>>> print(open('my_file_35.cif').read())   # mmCIF, C-alpha atoms and all ligand atoms
data_target
#
loop_
_atom_site.group_PDB
_atom_site.id
_atom_site.type_symbol
_atom_site.label_atom_id
_atom_site.label_comp_id
_atom_site.auth_asym_id
_atom_site.auth_seq_id
_atom_site.Cartn_x
_atom_site.Cartn_y
_atom_site.Cartn_z
ATOM 1 C CA MET A 1 -6.084 0.348 88.948
ATOM 2 C CA GLN A 2 -9.254 2.421 88.758
ATOM 3 C CA GLY A 3 -8.968 5.922 87.204
ATOM 4 C CA ALA A 4 -10.674 9.024 88.633
ATOM 5 C CA GLY A 5 -13.173 9.140 85.754
ATOM 6 C CA SER A 6 -14.292 5.540 86.199
ATOM 7 C CA LYS A 7 -14.598 6.058 89.963
ATOM 8 C CA ILE A 8 -16.964 8.976 89.379
ATOM 9 C CA ILE A 9 -18.999 7.006 86.877
ATOM 10 C CA ALA A 10 -19.183 4.077 89.309
ATOM 11 C CA GLY A 11 -20.280 6.528 92.014
ATOM 12 C CA VAL A 12 -22.966 7.962 89.773
ATOM 13 C CA LEU A 13 -24.226 4.484 88.972
ATOM 14 C CA ILE A 14 -24.473 3.669 92.674
ATOM 15 C CA MET A 15 -26.208 6.975 93.360
ATOM 16 C CA ALA A 16 -28.525 6.524 90.398
ATOM 17 C CA SER A 17 -29.607 3.134 91.732
ATOM 18 C CA MET A 18 -30.008 4.635 95.226
ATOM 19 C CA SER A 19 -32.066 7.395 93.604
ATOM 20 C CA LEU A 20 -34.495 4.833 92.254
ATOM 21 C CA VAL A 21 -35.088 3.541 95.753
ATOM 22 C CA ALA A 22 -35.426 7.052 97.143
ATOM 23 C CA CYS A 23 -37.525 8.254 94.165
ATOM 24 C CA ALA A 24 -34.990 11.020 93.511
ATOM 25 C CA PRO A 25 -34.532 12.109 89.896
ATOM 26 C CA PRO A 26 -32.011 9.900 88.093
ATOM 27 C CA VAL A 27 -28.586 11.361 87.442
ATOM 28 C CA ALA A 28 -27.677 11.019 83.766
ATOM 29 C CA LEU A 29 -24.509 9.159 82.924
ATOM 30 C CA PRO A 30 -21.839 11.583 81.768
ATOM 31 C CA ALA A 31 -19.895 11.410 78.570
ATOM 32 C CA PRO A 32 -16.231 11.105 79.529
ATOM 33 C CA PRO A 33 -14.637 14.549 79.629
ATOM 34 C CA THR A 34 -12.449 15.326 76.662
ATOM 35 C CA ALA A 35 -10.607 18.230 78.263
ATOM 36 C CA VAL A 36 -10.583 20.221 81.479
ATOM 37 C CA PRO A 37 -12.132 23.631 80.721
ATOM 38 C CA SER A 38 -9.682 26.492 80.834
ATOM 39 C CA ALA A 39 -9.320 28.184 84.209
ATOM 40 C CA ALA A 40 -11.908 30.847 84.886
ATOM 41 C CA ALA A 41 -10.746 34.435 84.904
ATOM 42 C CA VAL A 42 -10.490 35.392 88.547
ATOM 43 C CA GLU A 43 -9.615 38.781 89.945
ATOM 44 C CA ALA A 44 -6.407 38.353 91.911
ATOM 45 C CA ALA A 45 -7.466 40.035 95.142
ATOM 46 C CA GLY A 46 -11.131 40.441 95.981
ATOM 47 C CA GLU A 47 -13.022 42.879 98.136
ATOM 48 C CA VAL A 48 -13.546 41.695 101.716
ATOM 49 C CA ILE A 49 -17.028 42.215 103.116
ATOM 50 C CA THR A 50 -18.377 41.661 106.596
ATOM 51 C CA LEU A 51 -21.446 39.466 106.340
ATOM 52 C CA PRO A 52 -24.643 40.346 108.225
ATOM 53 C CA ALA A 53 -24.523 38.966 111.780
ATOM 54 C CA PRO A 54 -26.064 35.478 111.883
ATOM 55 C CA ARG A 55 -29.401 35.141 113.576
ATOM 56 C CA LEU A 56 -29.322 32.875 116.599
ATOM 57 C CA GLN A 57 -33.046 32.222 117.013
ATOM 58 C CA SER A 58 -35.503 30.504 114.723
ATOM 59 C CA ASP A 59 -39.183 29.613 114.523
ATOM 60 C CA VAL A 60 -38.112 26.225 113.150
ATOM 61 C CA SER A 61 -37.006 23.714 115.778
ATOM 62 C CA LEU A 62 -34.100 21.361 115.155
ATOM 63 C CA GLU A 63 -36.566 18.483 115.163
ATOM 64 C CA GLU A 64 -38.711 20.170 112.520
ATOM 65 C CA ALA A 65 -35.671 20.897 110.353
ATOM 66 C CA LEU A 66 -34.633 17.244 110.604
ATOM 67 C CA LEU A 67 -38.142 16.139 109.729
ATOM 68 C CA ARG A 68 -38.485 18.498 106.761
ATOM 69 C CA ARG A 69 -35.020 18.098 105.225
ATOM 70 C CA ARG A 70 -35.239 16.624 101.730
ATOM 71 C CA SER A 71 -32.947 17.024 98.779
ATOM 72 C CA VAL A 72 -34.370 19.806 96.610
ATOM 73 C CA ARG A 73 -33.054 20.055 93.061
ATOM 74 C CA THR A 74 -35.237 22.671 91.342
ATOM 75 C CA TYR A 75 -35.351 26.328 92.318
ATOM 76 C CA SER A 76 -36.930 29.629 91.388
ATOM 77 C CA ASP A 77 -34.711 32.277 89.747
ATOM 78 C CA GLN A 78 -34.773 34.484 92.845
ATOM 79 C CA PRO A 79 -31.272 35.053 94.223
ATOM 80 C CA LEU A 80 -30.344 34.457 97.852
ATOM 81 C CA THR A 81 -29.921 37.534 100.024
ATOM 82 C CA LEU A 82 -26.545 38.329 101.552
ATOM 83 C CA ALA A 83 -28.056 37.571 104.967
ATOM 84 C CA GLU A 84 -29.084 34.098 103.774
ATOM 85 C CA ILE A 85 -25.659 33.428 102.277
ATOM 86 C CA GLY A 86 -23.999 34.563 105.497
ATOM 87 C CA GLN A 87 -26.331 32.464 107.632
ATOM 88 C CA LEU A 88 -25.624 29.313 105.596
ATOM 89 C CA LEU A 89 -21.863 29.895 105.748
ATOM 90 C CA TRP A 90 -22.080 30.490 109.487
ATOM 91 C CA ALA A 91 -24.088 27.276 109.967
ATOM 92 C CA ALA A 92 -21.402 25.307 108.152
ATOM 93 C CA GLN A 93 -18.239 26.848 109.641
ATOM 94 C CA GLY A 94 -19.098 29.867 111.785
ATOM 95 C CA ILE A 95 -17.102 30.654 114.917
ATOM 96 C CA THR A 96 -19.192 30.154 118.042
ATOM 97 C CA ASP A 97 -16.621 30.424 120.810
ATOM 98 C CA GLU A 98 -13.969 32.906 121.903
ATOM 99 C CA ARG A 99 -11.324 30.172 121.431
ATOM 100 C CA GLY A 100 -12.241 30.054 117.734
ATOM 101 C CA LEU A 101 -14.206 26.805 117.882
ATOM 102 C CA ARG A 102 -16.905 26.434 115.240
ATOM 103 C CA THR A 103 -20.441 25.194 114.564
ATOM 104 C CA ALA A 104 -19.048 21.906 113.202
ATOM 105 C CA PRO A 105 -16.568 19.693 115.069
ATOM 106 C CA SER A 106 -13.027 19.336 113.732
ATOM 107 C CA ALA A 107 -10.360 16.712 114.524
ATOM 108 C CA GLY A 108 -7.800 18.457 116.726
ATOM 109 C CA ALA A 109 -9.629 21.748 116.037
ATOM 110 C CA LEU A 110 -7.398 22.088 112.976
ATOM 111 C CA TYR A 111 -10.216 23.260 110.666
ATOM 112 C CA PRO A 112 -9.160 21.995 107.251
ATOM 113 C CA LEU A 113 -12.358 23.118 105.497
ATOM 114 C CA GLU A 114 -12.563 26.179 103.235
ATOM 115 C CA LEU A 115 -15.995 27.243 102.041
ATOM 116 C CA TYR A 116 -16.960 29.047 98.878
ATOM 117 C CA VAL A 117 -20.259 30.089 97.390
ATOM 118 C CA ALA A 118 -20.713 30.929 93.714
ATOM 119 C CA THR A 119 -23.513 33.345 92.787
ATOM 120 C CA ASP A 120 -24.218 35.626 89.847
ATOM 121 C CA ASP A 121 -22.571 38.411 91.914
ATOM 122 C CA GLY A 122 -19.306 36.556 92.250
ATOM 123 C CA LEU A 123 -17.453 33.908 94.174
ATOM 124 C CA TYR A 124 -17.451 34.362 97.960
ATOM 125 C CA HIS A 125 -14.652 32.759 99.993
ATOM 126 C CA TYR A 126 -15.753 32.515 103.613
ATOM 127 C CA ARG A 127 -13.481 33.841 106.355
ATOM 128 C CA PRO A 128 -14.860 32.537 109.652
ATOM 129 C CA GLN A 129 -12.752 35.046 111.630
ATOM 130 C CA GLY A 130 -14.890 38.169 111.660
ATOM 131 C CA HIS A 131 -17.658 36.391 109.690
ATOM 132 C CA GLN A 132 -16.366 37.890 106.474
ATOM 133 C CA ALA A 133 -16.119 36.894 102.848
ATOM 134 C CA GLU A 134 -13.631 37.716 100.172
ATOM 135 C CA VAL A 135 -15.599 38.333 96.986
ATOM 136 C CA ARG A 136 -13.985 37.551 93.654
ATOM 137 C CA ARG A 137 -15.370 37.982 90.196
ATOM 138 C CA VAL A 138 -15.205 34.746 88.229
ATOM 139 C CA GLU A 139 -16.135 34.900 84.567
ATOM 140 C CA GLY A 140 -18.313 32.129 83.213
ATOM 141 C CA TRP A 141 -18.215 29.924 86.311
ATOM 142 C CA ARG A 142 -21.654 28.471 85.708
ATOM 143 C CA GLU A 143 -20.906 27.399 82.132
ATOM 144 C CA ALA A 144 -17.844 25.558 83.428
ATOM 145 C CA LEU A 145 -19.249 24.250 86.730
ATOM 146 C CA CYS A 146 -22.380 22.760 85.140
ATOM 147 C CA PRO A 147 -20.522 20.192 82.960
ATOM 148 C CA ALA A 148 -17.998 19.653 85.779
ATOM 149 C CA ALA A 149 -20.956 18.326 87.793
ATOM 150 C CA LEU A 150 -22.159 16.086 84.972
ATOM 151 C CA SER A 151 -24.687 18.749 83.911
ATOM 152 C CA GLN A 152 -26.868 18.050 86.924
ATOM 153 C CA GLY A 153 -29.765 20.513 86.794
ATOM 154 C CA ALA A 154 -29.400 21.624 90.397
ATOM 155 C CA VAL A 155 -25.837 22.856 89.822
ATOM 156 C CA CYS A 156 -26.693 24.376 86.442
ATOM 157 C CA GLN A 157 -29.700 26.319 87.746
ATOM 158 C CA ALA A 158 -29.280 27.121 91.432
ATOM 159 C CA PRO A 159 -28.886 30.811 92.282
ATOM 160 C CA ALA A 160 -26.103 29.839 94.691
ATOM 161 C CA VAL A 161 -23.756 26.855 94.743
ATOM 162 C CA PHE A 162 -21.871 26.314 97.994
ATOM 163 C CA VAL A 163 -18.587 24.463 97.676
ATOM 164 C CA VAL A 164 -17.006 22.617 100.591
ATOM 165 C CA THR A 165 -13.283 22.268 99.981
ATOM 166 C CA ALA A 166 -10.503 20.984 102.222
ATOM 167 C CA VAL A 167 -6.825 21.601 102.780
ATOM 168 C CA TYR A 168 -5.796 18.068 103.761
ATOM 169 C CA ALA A 169 -2.303 19.134 104.859
ATOM 170 C CA ARG A 170 -3.677 20.988 107.891
ATOM 171 C CA THR A 171 -5.021 17.776 109.366
ATOM 172 C CA ALA A 172 -2.297 15.507 107.982
ATOM 173 C CA ALA A 173 0.361 17.530 109.826
ATOM 174 C CA LYS A 174 -0.972 16.037 113.058
ATOM 175 C CA TYR A 175 -2.820 12.885 112.023
ATOM 176 C CA GLY A 176 -0.901 11.605 108.986
ATOM 177 C CA GLU A 177 -2.828 9.144 106.822
ATOM 178 C CA ARG A 178 -5.806 9.276 109.167
ATOM 179 C CA ALA A 179 -6.401 12.823 107.908
ATOM 180 C CA GLU A 180 -8.099 11.557 104.763
ATOM 181 C CA ARG A 181 -10.851 9.992 106.860
ATOM 182 C CA TYR A 182 -11.117 12.894 109.302
ATOM 183 C CA VAL A 183 -11.374 15.587 106.629
ATOM 184 C CA ARG A 184 -14.170 13.791 104.790
ATOM 185 C CA LEU A 185 -16.068 13.236 108.016
ATOM 186 C CA GLU A 186 -15.763 16.946 108.739
ATOM 187 C CA ALA A 187 -17.111 17.856 105.314
ATOM 188 C CA GLY A 188 -20.183 15.781 106.184
ATOM 189 C CA HIS A 189 -20.662 17.634 109.476
ATOM 190 C CA ALA A 190 -20.421 21.025 107.798
ATOM 191 C CA ALA A 191 -22.679 20.012 104.921
ATOM 192 C CA GLN A 192 -25.399 18.685 107.219
ATOM 193 C CA ASN A 193 -25.329 21.910 109.239
ATOM 194 C CA LEU A 194 -25.791 23.861 106.014
ATOM 195 C CA LEU A 195 -28.610 21.600 104.814
ATOM 196 C CA LEU A 196 -30.518 21.934 108.092
ATOM 197 C CA GLN A 197 -29.981 25.684 108.126
ATOM 198 C CA ALA A 198 -31.402 25.833 104.594
ATOM 199 C CA VAL A 199 -34.588 24.158 105.852
ATOM 200 C CA ALA A 200 -34.861 26.682 108.679
ATOM 201 C CA LEU A 201 -34.573 29.486 106.090
ATOM 202 C CA ASP A 202 -37.243 27.912 103.848
ATOM 203 C CA LEU A 203 -34.619 27.235 101.207
ATOM 204 C CA GLY A 204 -34.038 24.067 99.215
ATOM 205 C CA ALA A 205 -30.651 22.365 98.852
ATOM 206 C CA VAL A 206 -29.017 19.122 97.792
ATOM 207 C CA PRO A 207 -25.556 17.721 98.548
ATOM 208 C CA ILE A 208 -23.775 16.810 95.312
ATOM 209 C CA GLY A 209 -20.870 14.388 95.279
ATOM 210 C CA ALA A 210 -20.746 13.476 91.588
ATOM 211 C CA PHE A 211 -18.362 15.878 89.869
ATOM 212 C CA TYR A 212 -14.898 16.066 88.379
ATOM 213 C CA ASP A 213 -12.644 17.592 91.036
ATOM 214 C CA ASP A 214 -10.174 19.181 88.629
ATOM 215 C CA GLN A 215 -12.928 20.735 86.540
ATOM 216 C CA VAL A 216 -14.634 22.214 89.614
ATOM 217 C CA GLN A 217 -11.300 23.707 90.687
ATOM 218 C CA ALA A 218 -10.758 25.148 87.221
ATOM 219 C CA ALA A 219 -14.313 26.494 86.919
ATOM 220 C CA LEU A 220 -14.013 28.469 90.141
ATOM 221 C CA GLY A 221 -10.299 29.230 90.010
ATOM 222 C CA LEU A 222 -9.739 27.522 93.373
ATOM 223 C CA PRO A 223 -6.245 27.214 94.841
ATOM 224 C CA ALA A 224 -4.642 23.858 94.052
ATOM 225 C CA ASP A 225 -4.652 22.751 97.717
ATOM 226 C CA HIS A 226 -8.378 23.513 98.197
ATOM 227 C CA GLN A 227 -9.800 20.116 97.246
ATOM 228 C CA PRO A 228 -13.538 20.209 96.480
ATOM 229 C CA LEU A 229 -15.500 17.594 98.429
ATOM 230 C CA TYR A 230 -19.115 18.694 98.106
ATOM 231 C CA LEU A 231 -21.181 21.027 95.935
ATOM 232 C CA ILE A 232 -24.385 22.217 97.592
ATOM 233 C CA PRO A 233 -26.736 24.101 95.268
ATOM 234 C CA VAL A 234 -29.225 26.238 97.230
ATOM 235 C CA GLY A 235 -32.269 28.211 96.154
ATOM 236 C CA ARG A 236 -35.924 28.857 96.820
ATOM 237 C CA PRO A 237 -37.752 25.630 96.004
ATOM 238 C CA ALA A 238 -39.660 25.820 92.705
ATOM 239 C CA ARG A 239 -43.359 25.600 93.603
HETATM 240 C C1 LIG A 301 -22.274 11.682 99.572
HETATM 241 C C2 LIG A 301 -23.528 12.063 98.816
HETATM 242 C C3 LIG A 301 -23.442 12.372 97.474
HETATM 243 C C4 LIG A 301 -24.578 12.760 96.780
HETATM 244 N N1 LIG A 301 -24.469 13.128 95.472
HETATM 245 C C5 LIG A 301 -25.566 13.509 94.798
HETATM 246 C C6 LIG A 301 -25.442 13.904 93.446
HETATM 247 O O1 LIG A 301 -24.375 13.941 92.858
HETATM 248 N N2 LIG A 301 -26.588 14.294 92.811
HETATM 249 C C7 LIG A 301 -27.802 14.305 93.425
HETATM 250 O O2 LIG A 301 -28.785 14.693 92.795
HETATM 251 N N3 LIG A 301 -27.946 13.926 94.711
HETATM 252 C C8 LIG A 301 -26.852 13.531 95.409
HETATM 253 N N4 LIG A 301 -26.963 13.173 96.718
HETATM 254 C C9 LIG A 301 -28.276 13.254 97.384
HETATM 255 C C10 LIG A 301 -28.958 11.872 97.489
HETATM 256 O O3 LIG A 301 -29.403 11.449 96.213
HETATM 257 C C11 LIG A 301 -30.144 12.006 98.458
HETATM 258 O O4 LIG A 301 -29.666 12.372 99.728
HETATM 259 C C12 LIG A 301 -30.928 10.713 98.556
HETATM 260 O O5 LIG A 301 -31.639 10.463 97.352
HETATM 261 C C13 LIG A 301 -31.915 10.726 99.724
HETATM 262 O O6 LIG A 301 -32.857 11.782 99.570
HETATM 263 P P1 LIG A 301 -33.020 12.960 100.654
HETATM 264 O O7 LIG A 301 -31.713 13.729 100.691
HETATM 265 O O8 LIG A 301 -34.151 13.797 100.143
HETATM 266 O O9 LIG A 301 -33.306 12.344 101.973
HETATM 267 C C14 LIG A 301 -25.842 12.794 97.434
HETATM 268 C C15 LIG A 301 -25.913 12.472 98.790
HETATM 269 C C16 LIG A 301 -24.770 12.129 99.470
HETATM 270 C C17 LIG A 301 -24.876 11.812 100.948
#
>>> encode(input="my_file_35.cif", output="structure tokens")
Amino acid sequence: MQGAGSKIIAGVLIMASMSLVACAPPVALPAPPTAVPSAAAVEAAGEVITLPAPRLQSDVSLEEALLRRRSVRTYSDQPLTLAEIGQLLWAAQGITDERGLRTAPSAGALYPLELYVATDDGLYHYRPQGHQAEVRRVEGWREALCPAALSQGAVCQAPAVFVVTAVYARTAAKYGERAERYVRLEAGHAAQNLLLQAVALDLGAVPIGAFYDDQVQAALGLPADHQPLYLIPVGRPAR
């Protein structure tokens, strides 16, 4: 039986070979982890802020965003604004309908995804209802998240790292074993929305799948049932 570590390494090897074809920078092979870093210090209850209202118009057409989307892995030091963070969260999981339906489709409208974004100001946990975020201070998240993602430069350097997590039980309650497939498909929908929104905001982003799940959870102090599926570093592209 294949262990989690060897699955990740196999995944990195596949992605590294795909990278050669796509001329993306190679992803270095990780040394096997010796220990999961200790859980980050997280304030128990964070401040809840209402994010700036998302803009609903853009000078960038959907077609242009599709055309221009490329994985961007190097960024300037400039932080994202709160409006940009809110816009990206809204693109991924914002509520767009009085019934509570969202920007991304969801099997049975059960919405298993939980979004976070880690910045130097703290860890934001998105609350689609009211377009709000709970902000928690997490000590040393970057030092722990960077090795958790095999020290990939984008994760180590980006001013903001979005994290798509999922509570599988929400979907499994209705769909049983099929939930595993549905939840991962949904993470892809949400991630693509975020990536296209980043283009429309003149930001650069890359979806990252190569990481150690338990270490990402520990680095950010995520609840045990919020399973990380994607890391998406975002920043202003380095010129
Ligand atoms: C499921 C998935 C996992 C990925 N994981 C990584 C990753 O760990 N590191 C990375 O640098 N890029 C990762 N990528 C980005 C791909 O390398 C990238 O999409 C590919 O090279 C094509 O380039 P483009 O996105 O610019 O079109 C991932 C993409 C997908 C869809």
>>> resolve_selection(input="my_file_35.cif", expression="the PyMOL selection byres (((chain A and resi 196-206) around 10) and not hetatm)", output="number ranges by chain")
A: 58-75, 80, 84-85, 87-92, 154-155, 158, 160-162, 191-195, 207-209, 230-238
>>> residues_near_point(input="my_file_35.cif", point="(-15.2, 37.6, 91.9)", cutoff="8 Å", atoms="only C-alpha atoms", output="ChimeraX atom specification")
/A:42-43,46,121-124,135-139
>>> residues_around(input="my_file_35.cif", residues="Lys174 of chain A", least_positions_apart="2", cutoff="12 Å", atoms="all atoms listed in the file", output="JSON list (two decimals) with C-alpha atoms, in the frame of the given file")
[["chain", "number", "residue", "atom", "x", "y", "z"],
["A", 107, "ALA", "CA", -10.36, 16.71, 114.52],
["A", 108, "GLY", "CA", -7.80, 18.46, 116.73],
["A", 109, "ALA", "CA", -9.63, 21.75, 116.04],
["A", 110, "LEU", "CA", -7.40, 22.09, 112.98],
["A", 111, "TYR", "CA", -10.22, 23.26, 110.67],
["A", 112, "PRO", "CA", -9.16, 22.00, 107.25],
["A", 168, "TYR", "CA", -5.80, 18.07, 103.76],
["A", 169, "ALA", "CA", -2.30, 19.13, 104.86],
["A", 170, "ARG", "CA", -3.68, 20.99, 107.89],
["A", 171, "THR", "CA", -5.02, 17.78, 109.37],
["A", 172, "ALA", "CA", -2.30, 15.51, 107.98],
["A", 176, "GLY", "CA", -0.90, 11.60, 108.99],
["A", 177, "GLU", "CA", -2.83, 9.14, 106.82],
["A", 178, "ARG", "CA", -5.81, 9.28, 109.17],
["A", 179, "ALA", "CA", -6.40, 12.82, 107.91],
["A", 180, "GLU", "CA", -8.10, 11.56, 104.76],
["A", 182, "TYR", "CA", -11.12, 12.89, 109.30]]
>>> closest_residue(input="my_file_35.cif", among="A:Glu114, A:Asp214, A:Glu143, A:Asp120", to="Ala187 of chain A", atoms="all atoms listed in the file")
A:Glu114
>>> atom_distance(input="my_file_35.cif", atom1="atom CA of Asp77 of chain A", atom2="atom CA of Thr165 of chain A")
25.8 Å
>>> closest_residue(input="my_file_35.cif", among="A:Val183, A:Ala149, A:Val167, A:Ala219", to="ligand LIG 301 (chain A)", atoms="all atoms listed in the file")
A:Ala149
>>> residues_around(input="my_file_35.cif", residues="His131 of chain A", least_positions_apart="5", cutoff="8 Å", atoms="all atoms listed in the file", output="list in words")
Thr50, Leu51, Ala53, Gly86, Trp90, Gly94, Ile95 and Tyr126 of chain A
